[in-house]
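First the structure, in the form of structure tokens, and then the observations on it.
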Amino acid sequence: LTPERYPVRRLPFSVVSEDDLAALEHIVPGRVITDPEELEAPNVDWLRTVRGSSKVLLRPRTTQEVAHILRYCHERNLAVNPQGGNTGMVGGSTPVFDEIIVSTALMNQVLSFHDVSGVLVCQAGCVLEALSQYVEERGFVMPLDLGAKGSCHIGGNVATNAGGLRFLRYGSLRGTVLGLEVVPTCVPGRGCPSARLTPPCPARVSAAWCPSSVDSRTEAAGRFCHLGVPCRPRSHPMLWALRERITEALSHDGYVYKYDLSLPLDRLYDLVGDLRARLGPSAKRVVGYGHLGDGNLHLNVTAETFSASLLGTLEPYVYEWTAGQRGSVSAEHGLGFKKKDVLGYSKPPEALQLMRQLKALLDPKGILNPYKTLPTHA
Ligand code: FAD
Ligand code: MLT
Ligand code: ZN
């Protein structure tokens, strides 16, 4: 999928050798995965829009193991791709070429929880839903909830600064993260990953809003019947499934062109109608949903399969339209691999330069998740 849609050239990193595999086996014994079948899923993103060709996946259990892996890869000039639950929407979590995948799947321990201050210290690979359950049993609530909660890892949530369904109530995730244990590629890290949680809001109301237009109601009904979710839910958990499973429902159409835009509230939905008229029958569906509270529109255009000509009609139009509103081309999903070259629509060259300098400070050889976040030319 990748070369056709996203032309990119491999950078001159080393190729993993037999000696490298032996050295890595020494660092994470029994947790060096080279079986092609096991590597199939971690090489493809959730949306199935990008695919890498990594031949090695590592499963460290501790920060020390991660530090050793990164020190070794730095010395050998081997590129590395950190991966959490692989639910990201922008191709950040999968390798582009043969980068070594470092999975946090086995780093899933809660290290401590203080039931007065609400400070949680945990490893990066804890699954969000498991953390939610853990803290709810102790009378607290995670300040984050999203449809991918059953798979995404807290490390991935923090790395993408995920927004989600509780943003309006608890604010941005970065506001509740107290500290991170960061492993740069050349120096061992120190400190603890911790976050402050809040007691649950005493009153919670979930309500359904029925769109006034017959067309949109019919459309929504069609989508949810496809998933087996009742269109007139009577109980609260069903109710949330209507919102959380939109992404999954759209993926049944075939290929999804996904945009994650910040826009002024009074223009939030305009682009949806505009694109319906502009694209006509070349798109199967043009829908907008998102997070009204933080001015975040998820604009989704679906088609049976990927088409370069449909992409050409969408881009750069969508980005220019967004920049014209002084909006952002990435609201909550991050830039990853797919959005890195459009960052300039939202950030001035000085900001990009500063980002490059910060990256070089922590990762001088650029081995950590290359081809992501920063534009190729600028
Ligand atoms: P991955 O997808 O594995 O990785 C994402 C990025 O983080 C990659 O660049 C990866 O290299 C990096 N990364 C992962 N772990 C680490 C680590 N420990 N250290 C350094 N870098 C790391 N997003 C929202 O913001 N709001 C939503 O409401 C929302 N809903 C979603 C609903 C569905 C059904 C799906 C499939 C996705 C949704 N997302 C949403 C996308 C969102 O970005 C991810 O679900 C989540 O935050 C990523 O976590 P992950 O563990 O899957 O990370
Ligand atoms: C959501 O809000 O449902 C997620 O961000 C996923 C998506 O944009 O489809
Ligand atoms: Zn979202």
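By order of appearance in the structure tokens: chains A, B, ..., then residues from 1 within every chain, and ligands from 1 in the order shown.
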
Inset, instruction - Return as a PyMOL selection string every polymer residue, whether protein, DNA or RNA, with at least one atom no more than 7 Å from an atom of ligand 1; count only C-alpha atoms and all ligand atoms. - result: chain A and resi 46+81-89+92-93+104+124-125+146-148+151-165+244-245+247-248+332-333+336+369

Check segment 262-348 of chain A with DSSP on the backbone and list each residue it calls strand (DSSP E), as a PDB file with C-alpha atoms, in the first residue's frame.
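Written output follows (states-v3.pdb):
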```
ATOM      1  CA  SER A 262      -9.678  21.857  14.057  1.00  0.00           C
ATOM      2  CA  ARG A 285     -20.099   8.749   1.502  1.00  0.00           C
ATOM      3  CA  VAL A 286     -18.960  12.078   2.951  1.00  0.00           C
ATOM      4  CA  VAL A 287     -19.570  12.311   6.705  1.00  0.00           C
ATOM      5  CA  GLY A 288     -18.540  14.580   9.532  1.00  0.00           C
ATOM      6  CA  TYR A 289     -18.480  13.750  13.244  1.00  0.00           C
ATOM      7  CA  GLY A 290     -15.930  14.446  15.940  1.00  0.00           C
ATOM      8  CA  HIS A 291     -15.662  16.374  19.159  1.00  0.00           C
ATOM      9  CA  ASN A 296     -12.660  18.975  16.099  1.00  0.00           C
ATOM     10  CA  LEU A 297     -14.225  17.743  12.866  1.00  0.00           C
ATOM     11  CA  HIS A 298     -13.502  14.193  11.686  1.00  0.00           C
ATOM     12  CA  LEU A 299     -14.174  14.513   7.995  1.00  0.00           C
ATOM     13  CA  ASN A 300     -14.428  11.075   6.385  1.00  0.00           C
ATOM     14  CA  VAL A 301     -14.818  10.323   2.718  1.00  0.00           C
ATOM     15  CA  THR A 302     -15.334   6.698   1.749  1.00  0.00           C
ATOM     16  CA  ALA A 303     -15.020   4.786  -1.517  1.00  0.00           C
TER      17      ALA A 303
END
```

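Ranking A:Ser54, A:Ser330, A:Thr62, A:Gln357 by their shortest atom-to-atom distance to ligand 3, with only C-alpha atoms and all ligand atoms included, puts A:Ser330 first.
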
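Atom to atom, atom CA of Arg326 of chain A and atom CA of Arg267 of chain A stand 11.2 Å apart.
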
If you count only C-alpha atoms, which residues fall within 8 Å of Leu250 of chain A, apart from same-chain ones fewer than 4 positions away, as a tab-separated table (two decimals) with C-alpha atoms, in the first residue's frame?
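To be explicit, this is the file written out as part19.tsv:
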```
chain	number	residue	atom	x	y	z
A	223	ARG	CA	-24.64	2.46	9.25
A	246	ILE	CA	-18.66	5.17	13.79
A	254	GLY	CA	-13.89	0.00	1.70
A	256	VAL	CA	-11.58	5.72	4.09
A	302	THR	CA	-15.33	6.70	1.75
```

Inset, instruction - Between A:Ser14, A:Ser346, A:Ser112, A:Ser251, single out the one closest to ligand 2, counting only C-alpha atoms and all ligand atoms. - result: A:Ser251

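Shortest atom-to-atom contact with ligand 2 among A:Tyr170, A:Val127, A:Arg356, A:Leu47: A:Leu47, counting only C-alpha atoms and all ligand atoms.
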